[in-house]
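Data file: upload35.txt. Format and content: compact mmCIF, C-alpha atoms.
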```
# COMPACT_ATOMS: atom_id res chain seq x y z
CA MET L 1 38.60 -8.57 -17.84
CA THR L 2 36.09 -6.08 -16.37
CA ASP L 3 32.36 -6.36 -16.94
CA THR L 4 32.31 -3.39 -19.31
CA VAL L 5 35.19 -4.78 -21.34
CA ARG L 6 33.51 -8.16 -21.44
CA GLU L 7 30.24 -6.65 -22.61
CA THR L 8 32.00 -4.70 -25.32
CA ALA L 9 34.18 -7.63 -26.41
CA PHE L 10 31.36 -10.13 -26.49
CA LEU L 11 28.58 -7.88 -27.74
CA PRO L 12 28.87 -9.25 -31.28
CA PHE L 13 28.12 -12.69 -29.86
CA SER L 14 25.09 -11.65 -27.79
CA THR L 15 23.48 -9.57 -30.54
CA LYS L 16 23.28 -12.66 -32.73
CA ILE L 17 21.69 -14.83 -30.05
CA ASP L 18 17.98 -14.58 -29.30
CA ASP L 19 17.03 -17.85 -27.70
CA THR L 20 18.56 -20.76 -25.80
CA ARG L 21 18.68 -22.94 -28.89
CA GLU L 22 20.99 -20.46 -30.63
CA LEU L 23 22.95 -19.95 -27.40
CA ASP L 24 23.66 -23.67 -26.99
CA SER L 25 24.68 -23.91 -30.63
CA VAL L 26 27.16 -21.02 -30.35
CA ILE L 27 28.63 -22.33 -27.09
CA ASP L 28 29.10 -25.78 -28.65
CA GLN L 29 30.88 -24.26 -31.63
CA LEU L 30 33.10 -22.07 -29.48
CA SER L 31 34.04 -25.10 -27.36
CA ALA L 32 34.93 -27.01 -30.52
CA ILE L 33 36.99 -24.10 -31.87
CA SER L 34 38.77 -23.80 -28.55
CA ARG L 35 39.87 -27.43 -28.77
CA PHE L 36 41.00 -26.91 -32.38
CA LEU L 37 43.21 -23.94 -31.43
CA PHE L 38 45.55 -26.21 -29.55
CA LYS L 39 46.89 -27.28 -32.93
CA ASP L 40 49.30 -24.31 -32.80
CA LYS L 41 48.19 -22.79 -36.08
CA GLN L 42 48.90 -19.18 -37.00
CA GLY L 43 46.43 -16.44 -37.76
CA THR L 44 43.03 -15.31 -36.53
CA ILE L 45 40.44 -17.61 -35.02
CA ARG L 46 38.43 -17.41 -38.23
CA ASP L 47 41.46 -18.54 -40.21
CA LYS L 48 42.16 -21.43 -37.89
CA ALA L 49 38.59 -22.66 -37.71
CA THR L 50 37.52 -21.83 -41.25
CA GLU L 51 36.65 -25.44 -42.08
CA PHE L 52 33.81 -25.91 -39.65
CA ILE L 53 32.89 -22.45 -38.34
CA SER L 54 29.23 -21.55 -39.01
CA PRO L 55 28.32 -18.45 -41.08
CA VAL L 56 26.91 -16.77 -37.95
CA LEU L 57 30.12 -17.22 -36.02
CA ALA L 58 32.23 -16.29 -39.02
CA GLU L 59 30.34 -13.02 -39.13
CA ILE L 60 30.92 -12.49 -35.40
CA PHE L 61 34.66 -13.14 -35.62
CA ALA L 62 34.91 -10.87 -38.67
CA GLU L 63 33.37 -8.08 -36.63
CA LEU L 64 35.73 -8.78 -33.72
CA GLU L 65 38.69 -8.59 -36.05
CA LYS L 66 37.37 -5.31 -37.47
CA LEU L 67 36.98 -3.87 -33.97
CA GLY L 68 40.45 -5.15 -33.04
CA LEU L 69 39.06 -7.06 -30.10
CA GLU L 70 40.50 -10.45 -31.04
CA PRO L 71 43.89 -11.40 -29.48
CA ALA L 72 46.74 -12.25 -31.84
CA ASP L 73 48.39 -15.30 -30.25
CA ASP L 74 47.15 -18.80 -29.65
CA LYS L 75 47.18 -18.71 -25.88
CA ASN L 76 45.23 -15.43 -25.57
CA GLN L 77 42.80 -16.55 -28.23
CA GLN L 78 42.17 -19.63 -26.09
CA ILE L 79 41.52 -17.43 -23.04
CA PHE L 80 39.30 -15.17 -25.13
CA LEU L 81 37.15 -18.06 -26.28
CA ASN L 82 36.83 -19.48 -22.77
CA GLU L 83 35.86 -16.03 -21.48
CA ALA L 84 33.29 -15.75 -24.28
CA ILE L 85 31.77 -19.10 -23.30
CA LEU L 86 31.60 -18.05 -19.64
CA TYR L 87 30.03 -14.73 -20.57
CA LEU L 88 27.40 -16.35 -22.76
CA ARG L 89 26.52 -18.88 -20.05
CA SER L 90 26.05 -16.07 -17.56
CA LEU L 91 23.44 -14.24 -19.66
CA PRO L 92 20.09 -14.10 -17.81
CA LYS L 93 17.35 -16.32 -19.16
CA VAL L 94 13.70 -15.38 -19.56
CA LYS L 95 11.16 -18.14 -20.13
CA VAL L 96 8.39 -17.23 -22.58
CA THR L 97 5.41 -19.35 -23.57
CA LEU L 98 3.64 -18.62 -26.84
CA ALA L 99 0.71 -20.22 -28.60
CA PHE L 100 2.60 -20.41 -31.89
CA VAL L 101 6.13 -21.02 -33.22
CA PRO L 102 7.62 -17.55 -33.76
CA SER L 103 9.58 -16.54 -36.83
CA LYS L 104 13.26 -15.54 -36.51
CA ASN L 105 12.36 -11.89 -37.02
CA PHE L 106 9.67 -11.93 -34.40
CA LEU L 107 11.97 -13.74 -31.98
CA ASN L 108 14.60 -11.10 -32.51
CA PHE L 109 12.00 -8.36 -31.99
CA LEU L 110 10.76 -10.04 -28.80
CA ASN L 111 14.30 -10.44 -27.45
CA ARG L 112 15.09 -6.78 -28.07
CA GLN L 113 11.89 -5.66 -26.37
CA ILE L 114 12.43 -7.83 -23.32
CA SER L 115 16.18 -7.04 -23.09
CA GLU L 116 15.29 -3.34 -23.16
CA SER L 117 12.76 -3.86 -20.36
CA CYS L 118 15.31 -5.86 -18.33
CA GLN L 119 18.02 -3.24 -19.02
CA GLY L 120 20.49 -5.83 -20.24
CA LYS L 121 20.86 -8.57 -22.78
CA VAL L 122 18.74 -11.66 -22.04
CA VAL L 123 18.30 -15.00 -23.73
CA LEU L 124 14.78 -16.27 -24.32
CA GLU L 125 13.80 -19.81 -23.42
CA VAL L 126 10.87 -20.27 -25.79
CA PHE L 127 8.06 -22.78 -25.22
CA THR L 128 5.10 -23.36 -27.48
CA ASP L 129 1.74 -24.34 -25.98
CA SER L 130 -1.34 -24.14 -28.19
CA ARG L 131 -3.59 -24.54 -25.13
CA ILE L 132 -3.07 -20.88 -24.19
CA MET L 133 -4.71 -20.00 -27.54
CA GLY L 134 -2.95 -16.65 -27.77
CA GLY L 135 -0.98 -14.08 -25.75
CA LEU L 136 2.12 -14.53 -23.64
CA ILE L 137 3.43 -16.03 -20.40
CA ILE L 138 6.73 -14.69 -19.03
CA GLU L 139 8.82 -16.12 -16.20
CA TYR L 140 11.69 -13.93 -14.99
CA LYS L 141 13.62 -13.93 -11.70
CA GLY L 142 11.09 -16.26 -10.07
CA LYS L 143 8.08 -14.12 -11.06
CA VAL L 144 5.37 -15.10 -13.54
CA PHE L 145 3.33 -12.82 -15.76
CA SER L 146 0.42 -14.20 -17.78
CA ASP L 147 -1.82 -12.55 -20.33
CA ILE L 148 -3.38 -15.32 -22.39
CA LEU L 149 -6.64 -15.90 -24.27
CA GLU L 150 -7.39 -19.08 -22.35
CA SER L 151 -7.63 -17.21 -19.02
CA LYS L 152 -9.84 -14.53 -20.52
CA LEU L 153 -12.20 -17.11 -21.97
CA ASN L 154 -12.20 -19.06 -18.72
CA ASP L 155 -13.04 -15.93 -16.71
CA SER L 156 -15.90 -15.13 -19.09
CA LEU L 157 -17.25 -18.65 -18.67
CA VAL L 158 -17.06 -18.44 -14.88
CA ARG L 159 -18.93 -15.13 -14.89
CA PHE L 160 -21.52 -16.53 -17.28
CA ASN L 161 -21.98 -19.68 -15.15
CA SER L 162 -22.40 -17.74 -11.94
CA ARG L 163 -25.01 -15.46 -13.51
CA PHE L 164 -26.75 -18.49 -14.95
CA ALA L 165 -26.71 -20.21 -11.55
CA GLU L 166 -28.36 -17.16 -9.96
CA MET T 167 -29.54 -54.50 49.39
CA GLU T 168 -32.99 -53.24 50.25
CA LEU T 169 -34.31 -56.77 50.16
CA LEU T 170 -31.66 -57.94 52.58
CA HIS T 171 -32.51 -55.08 54.82
CA TRP T 172 -36.17 -56.06 54.60
CA GLU T 173 -35.35 -59.65 55.63
CA ASP T 174 -33.34 -58.35 58.54
CA GLU T 175 -36.22 -56.12 59.57
CA VAL T 176 -38.70 -59.02 59.46
CA ILE T 177 -36.50 -61.17 61.66
CA LEU T 178 -35.71 -58.43 64.08
CA ASN T 179 -39.23 -57.00 64.24
CA PHE T 180 -40.61 -59.67 66.60
CA ASP T 181 -40.95 -57.45 69.59
CA LEU T 182 -39.99 -58.28 73.15
CA THR T 183 -43.55 -59.10 74.30
CA THR T 184 -43.73 -62.05 71.92
CA ILE T 185 -40.32 -63.27 73.00
CA TYR T 186 -41.38 -63.09 76.65
CA LEU T 187 -44.53 -65.09 75.92
CA LEU T 188 -42.50 -67.75 74.15
CA SER T 189 -40.04 -67.97 76.97
CA ASP T 190 -42.97 -68.11 79.46
CA LEU T 191 -44.38 -71.04 77.60
CA LEU T 192 -41.09 -72.85 77.56
CA ILE T 193 -40.57 -72.27 81.23
CA LEU T 194 -44.08 -73.51 81.98
CA LEU T 195 -43.48 -76.69 80.04
CA LEU T 196 -40.22 -77.21 81.80
CA VAL T 197 -41.77 -76.58 85.22
CA SER T 198 -44.68 -78.94 84.54
CA LEU T 199 -42.28 -81.65 83.47
CA LEU T 200 -40.17 -81.07 86.54
CA THR T 201 -43.29 -81.14 88.71
CA LEU T 202 -44.38 -84.43 87.25
CA PHE T 203 -40.96 -85.93 87.79
CA SER T 204 -40.82 -84.53 91.32
CA LEU T 205 -44.24 -85.92 92.04
CA ARG T 206 -43.16 -89.36 90.96
CA ALA T 207 -40.11 -89.03 93.17
CA ILE T 208 -42.15 -87.82 96.12
CA ALA T 209 -44.63 -90.62 95.55
CA LYS T 210 -41.83 -93.12 95.68
CA VAL T 211 -40.52 -91.60 98.86
CA LYS T 212 -43.93 -91.23 100.52
CA GLN T 213 -45.02 -94.57 99.14
CA MET T 214 -48.25 -93.20 97.83
CA SER T 215 -50.48 -95.54 95.94
CA GLU T 216 -50.41 -95.71 92.24
CA GLY T 217 -53.95 -94.42 92.12
CA SER T 218 -53.14 -91.45 94.32
CA VAL T 219 -50.15 -90.63 92.22
CA ARG T 220 -52.19 -90.84 89.06
CA LEU T 221 -54.84 -88.61 90.59
CA GLU T 222 -52.33 -86.05 91.77
CA SER T 223 -50.63 -86.15 88.39
CA HIS T 224 -53.93 -85.76 86.65
CA LYS T 225 -54.75 -82.72 88.78
CA ILE T 226 -51.38 -81.17 88.07
CA SER T 227 -51.67 -82.00 84.38
CA LYS T 228 -55.04 -80.31 84.22
CA ILE T 229 -53.71 -77.22 85.93
CA VAL T 230 -50.66 -77.17 83.70
CA GLU T 231 -52.77 -77.88 80.64
CA GLY T 232 -54.98 -74.94 81.50
CA GLU T 233 -52.01 -72.68 82.04
CA ILE T 234 -50.36 -73.85 78.83
CA ARG T 235 -53.58 -73.38 76.85
CA ASN T 236 -53.90 -69.92 78.34
CA LYS T 237 -50.33 -69.05 77.51
CA LEU T 238 -50.59 -70.56 74.04
CA ASP T 239 -53.73 -68.60 73.32
CA LYS T 240 -52.02 -65.44 74.39
CA LEU T 241 -48.94 -66.34 72.41
CA PHE T 242 -50.85 -67.19 69.22
CA ASP T 243 -52.81 -64.02 69.64
CA ARG T 244 -49.65 -62.08 69.93
CA LEU T 245 -48.02 -63.88 67.03
CA GLU T 246 -51.03 -63.26 64.87
CA ARG T 247 -50.95 -59.57 65.68
CA ASP T 248 -47.19 -59.45 65.02
CA LEU T 249 -47.55 -61.30 61.76
CA ALA T 250 -50.37 -59.04 60.63
CA LYS T 251 -48.25 -56.05 61.52
CA GLN T 252 -45.24 -57.49 59.61
CA LEU T 253 -47.38 -58.32 56.61
CA GLU T 254 -48.78 -54.82 56.66
CA GLU T 255 -45.28 -53.39 56.76
CA ILE T 256 -44.15 -55.70 53.97
CA ASP T 257 -47.13 -54.64 51.93
CA ILE T 258 -46.35 -50.95 52.45
CA TRP T 259 -42.67 -51.53 51.68
CA GLY T 260 -43.49 -53.60 48.61
CA SER T 261 -45.78 -50.89 47.33
CA GLN T 262 -43.03 -48.33 47.86
CA ILE T 263 -40.54 -50.49 45.92
CA ASN T 264 -43.04 -50.88 43.10
CA ARG T 265 -43.58 -47.15 42.94
CA ASP T 266 -39.80 -46.52 43.00
CA LEU T 267 -39.19 -49.10 40.28
CA SER T 268 -41.98 -47.70 38.22
CA ASP T 269 -40.58 -44.16 38.56
CA PHE T 270 -37.09 -45.36 37.72
CA ALA T 271 -38.29 -47.23 34.64
CA LYS T 272 -40.29 -44.22 33.54
CA LYS T 273 -37.29 -41.91 33.96
CA GLN T 274 -35.02 -44.33 32.08
CA GLN T 275 -37.51 -44.54 29.26
CA GLU T 276 -37.81 -40.76 29.06
CA SER T 277 -34.04 -40.41 29.09
CA MET T 278 -33.67 -43.03 26.34
CA ILE T 279 -36.32 -41.31 24.21
CA GLU T 280 -34.57 -37.98 24.69
CA GLU T 281 -31.17 -39.45 23.76
CA SER T 282 -32.65 -41.14 20.71
CA GLN T 283 -34.25 -37.90 19.61
CA VAL T 284 -30.95 -36.06 19.97
CA LEU T 285 -29.11 -38.81 18.07
CA VAL T 286 -31.66 -38.78 15.27
CA ALA T 287 -31.53 -34.98 15.05
CA ASN T 288 -27.72 -35.01 14.94
CA SER T 289 -27.63 -37.76 12.31
CA PHE T 290 -30.18 -35.91 10.20
CA SER T 291 -28.20 -32.69 10.46
CA ARG T 292 -24.96 -34.47 9.57
CA ILE T 293 -26.54 -36.21 6.59
CA GLN T 294 -28.00 -32.92 5.38
CA LYS T 295 -24.57 -31.28 5.55
CA GLN T 296 -22.98 -34.19 3.69
CA LEU T 297 -25.66 -33.97 1.00
CA GLU T 298 -25.09 -30.24 0.62
CA GLU T 299 -21.34 -30.78 0.38
CA TYR T 300 -21.84 -33.53 -2.19
CA LYS T 301 -24.19 -31.36 -4.27
CA LYS T 302 -21.74 -28.47 -4.12
CA ASN T 303 -18.79 -30.67 -5.19
CA GLN T 304 -20.76 -32.25 -7.99
CA LEU T 305 -21.83 -28.83 -9.29
CA ILE T 306 -18.22 -27.67 -9.23
CA LYS T 307 -17.19 -30.80 -11.17
CA ILE T 308 -19.92 -30.30 -13.73
CA ASP T 309 -19.05 -26.62 -14.07
CA LYS T 310 -15.40 -27.55 -14.63
CA GLN T 311 -16.30 -30.18 -17.23
CA ILE T 312 -18.50 -27.74 -19.13
CA ARG T 313 -15.72 -25.16 -19.15
CA GLU T 314 -13.21 -27.74 -20.37
CA ILE T 315 -15.51 -28.72 -23.21
CA ILE T 316 -16.02 -25.11 -24.22
CA LEU T 317 -12.31 -24.32 -23.93
CA ASP T 318 -11.36 -27.34 -26.02
CA SER T 319 -13.82 -26.29 -28.71
CA ALA T 320 -12.51 -22.73 -28.57
CA ARG T 321 -8.95 -23.96 -28.95
CA GLU T 322 -9.95 -25.92 -32.02
CA VAL T 323 -11.70 -22.96 -33.58
CA LEU T 324 -9.26 -20.22 -32.56
CA GLY T 325 -6.23 -22.32 -33.35
CA ARG T 326 -7.34 -22.41 -36.95
CA SER T 327 -8.74 -18.92 -37.24
CA ILE T 328 -6.04 -16.73 -35.64
CA SER T 329 -3.32 -15.71 -38.10
CA PHE T 330 0.38 -15.28 -37.26
CA SER T 331 0.15 -11.52 -37.37
CA GLU T 332 -2.83 -11.62 -35.01
CA HIS T 333 -0.80 -13.84 -32.68
CA GLU T 334 2.10 -11.41 -32.81
CA ASP T 335 -0.26 -8.53 -32.03
CA LEU T 336 -1.60 -10.41 -29.01
CA VAL T 337 1.97 -11.00 -27.79
CA GLN T 338 2.86 -7.33 -28.20
CA GLN T 339 -0.24 -6.29 -26.28
CA ALA T 340 0.70 -8.70 -23.48
CA LEU T 341 4.23 -7.29 -23.40
CA GLU T 342 2.89 -3.76 -23.12
CA LYS T 343 0.70 -4.83 -20.21
CA ALA T 344 3.71 -6.45 -18.49
CA ARG T 345 5.66 -3.20 -18.82
CA LYS T 346 2.74 -1.18 -17.46
CA ASP T 347 2.49 -3.56 -14.50
CA GLN T 348 6.26 -3.03 -13.96
CA PHE T 349 6.81 -6.76 -14.09
CA PHE T 350 10.47 -6.42 -15.15
CA GLN T 351 11.41 -4.15 -12.24
```

Output the file's structure in the form of structure tokens.
Amino acid sequence: MTDTVRETAFLPFSTKIDDTRELDSVIDQLSAISRFLFKDKQGTIRDKATEFISPVLAEIFAELEKLGLEPADDKNQQIFLNEAILYLRSLPKVKVTLAFVPSKNFLNFLNRQISESCQGKVVLEVFTDSRIMGGLIIEYKGKVFSDILESKLNDSLVRFNSRFAE
Amino acid sequence: MELLHWEDEVILNFDLTTIYLLSDLLILLLVSLLTLFSLRAIAKVKQMSEGSVRLESHKISKIVEGEIRNKLDKLFDRLERDLAKQLEEIDIWGSQINRDLSDFAKKQQESMIEESQVLVANSFSRIQKQLEEYKKNQLIKIDKQIREIILDSAREVLGRSISFSEHEDLVQQALEKARKDQFFQ
């Protein structure tokens, strides 16, 4: 499967995933479904795994069926799922530190913004640290960007202290 | 080593004149003894009377005595002069040693004072530097502690006063700045 085909085939998966928590959950479910498919049942993946598939994944598989991207037989479905897991694991990760716990909507917004800046889908590894007081710290490809309230306040205090010392 | 040299000089500084006088004296004594013995022998041979022998001996003794006294006087004179000369030399040499020792002691003292002064100056300078370093470190510590206190208070206050939407705005502003700085390139 080429990269373009993979991206197209697995796009429904990646659009639903914003952070590593969701990514791990989807990969776990796909792994479980993959094991279940060995039961030699007929039909789509959604039909076979209807008992324990999550609503999010059900939605994804429905879209795949609609787009005609899902293979028909057991063996190819197995390969498809394994390829999906590999693709999802290969998505680049961006570590972000926030001073608050973001809502789902905000997380989605943040993921879209950062994916656009990185010119490709990324998965956010979100950390919460109230000590930064506000703002954002990003770690991506070994680089760190920081724009937080704590630093600004600290800098102001240093300037104040040095003037006071004079 | 100088002292040994001085002893050697004292021993060796008896000049030849004194040694000659001493040897003269010894020879004279020896000759007079020999003369007396010879006289006794001659008397025996010539069968001189005891009285004559005693008279002759007495005459010889007187002559010898006179000679010996003369020689002794000269010798003692000489010895006295030599001794005086030696003592004078010892005195001069002793004075020189005293002066040298005194100079040496003075120089050593000066050198010790100088070294002590340098040591004291160095120690003072080192202690001053250490004090400055200590003050600087303590000020840095205090500065850090004050900032920590203020930051902790600020966290308490801001944590309660900033709303979610304000937080989201701050994050968006930070993201914009990251893009401007081309962080993602």

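Picture a line from atom CA of Val126 of chain L to atom CA of Thr20 of chain L; it runs 7.7 Å.
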
For atom CA of Phe349 of chain T and atom CA of Phe145 of chain L, determine how far apart the two atoms are, in Å to one decimal place.
->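 About the pair atom CA of Phe349 of chain T and atom CA of Phe145 of chain L: they are 7.2 Å apart.
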
With a distance threshold of 6 Å and counting all atoms listed in the file, extract the residues of chain L near chain T and express them as a PDB file with C-alpha atoms, in the frame of the given file.
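Now in selection-v3.pdb:
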```pdb
ATOM      1  CA  CYS L 118      15.310  -5.860 -18.330  1.00  0.00           C
ATOM      2  CA  MET L 133      -4.710 -20.000 -27.540  1.00  0.00           C
ATOM      3  CA  GLY L 135      -0.980 -14.080 -25.750  1.00  0.00           C
ATOM      4  CA  LEU L 136       2.120 -14.530 -23.640  1.00  0.00           C
ATOM      5  CA  ASP L 147      -1.820 -12.550 -20.330  1.00  0.00           C
TER       6      ASP L 147
END
```

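When only C-alpha atoms are used to compute distances to Ile226 of chain T, the closest of the residues T:Ala207, T:Ile306, T:Leu297, T:Leu200 turns out to be T:Leu200.
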
Point-to-point distance in Å for atom CA of Phe10 of chain L and atom CA of Thr44 of chain L |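 Those two atoms sit 16.2 Å apart.
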
Excluding Asp18 of chain L and its own-chain neighbours fewer than 2 positions away, which residues fall within 7 Å of it when counting all atoms listed in the file? Please give them as a PDB file with C-alpha atoms, keeping the file's coordinate frame.
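Printed below is out.pdb as written:
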```
ATOM      1  CA  LYS L  16      23.280 -12.660 -32.730  1.00  0.00           C
ATOM      2  CA  GLU L  22      20.990 -20.460 -30.630  1.00  0.00           C
ATOM      3  CA  LEU L 107      11.970 -13.740 -31.980  1.00  0.00           C
ATOM      4  CA  ASN L 108      14.600 -11.100 -32.510  1.00  0.00           C
ATOM      5  CA  ASN L 111      14.300 -10.440 -27.450  1.00  0.00           C
ATOM      6  CA  VAL L 123      18.300 -15.000 -23.730  1.00  0.00           C
ATOM      7  CA  LEU L 124      14.780 -16.270 -24.320  1.00  0.00           C
TER       8      LEU L 124
END
```

Thr128 of chain L surroundings by all atoms listed in the file, 12 Å radius, close-in-sequence under 4 positions cut, as a list in words =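 Result of the neighbour search: Lys95, Val96, Thr97, Leu98, Ala99, Phe100, Val101, Pro102, Ile132, Met133, Gly134, Gly135, Leu136 and Ile137 of chain L.
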
Residues at most 8 Å from Gln42 of chain L, counting only C-alpha atoms, excluding those fewer than 6 positions away in the same chain, as a compact mmCIF listing (two decimals) with C-alpha atoms, keeping the file's coordinate frame?
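Result file result20.txt:
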```txt
# COMPACT_ATOMS: atom_id res chain seq x y z
CA LYS L 48 42.16 -21.43 -37.89
CA ASP L 73 48.39 -15.30 -30.25
CA ASP L 74 47.15 -18.80 -29.65
```

Give me the residues within 9 Å of segment 233-245 of chain T as a count of residues only, counting all atoms listed in the file and dropping any in the same chain fewer than 4 places off.
-> 13

Between L:Lys75, L:Leu67, L:Ser103, L:Ser146, single out the one closest to Arg35 of chain L, counting only C-alpha atoms.
->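 Selected residue with least distance to Arg35 of chain L: L:Lys75.
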
Between L:Ser162, L:Lys66, L:Pro55, L:Leu30, which is the closest to Ile79 of chain L once you count all atoms listed in the file?
->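 The shortest atom-to-atom distance to Ile79 of chain L comes from L:Leu30.
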
Using all atoms listed in the file, find the one residue out of L:Ala49, L:Ile114, L:Leu91, L:Ile138 that sits nearest to Ala32 of chain L.
->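 Looking only at the distances to Ala32 of chain L, the closest residue turns out to be L:Ala49.
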
Excluding Pro92 of chain L and residues on its chain fewer than 4 positions from it, collect all residues at most 10 Å away from it, counting only C-alpha atoms, and give them as JSON, numbers by chain.
-> {"L": [88, 115, 118, 120, 121, 122, 123, 124, 140, 141]}
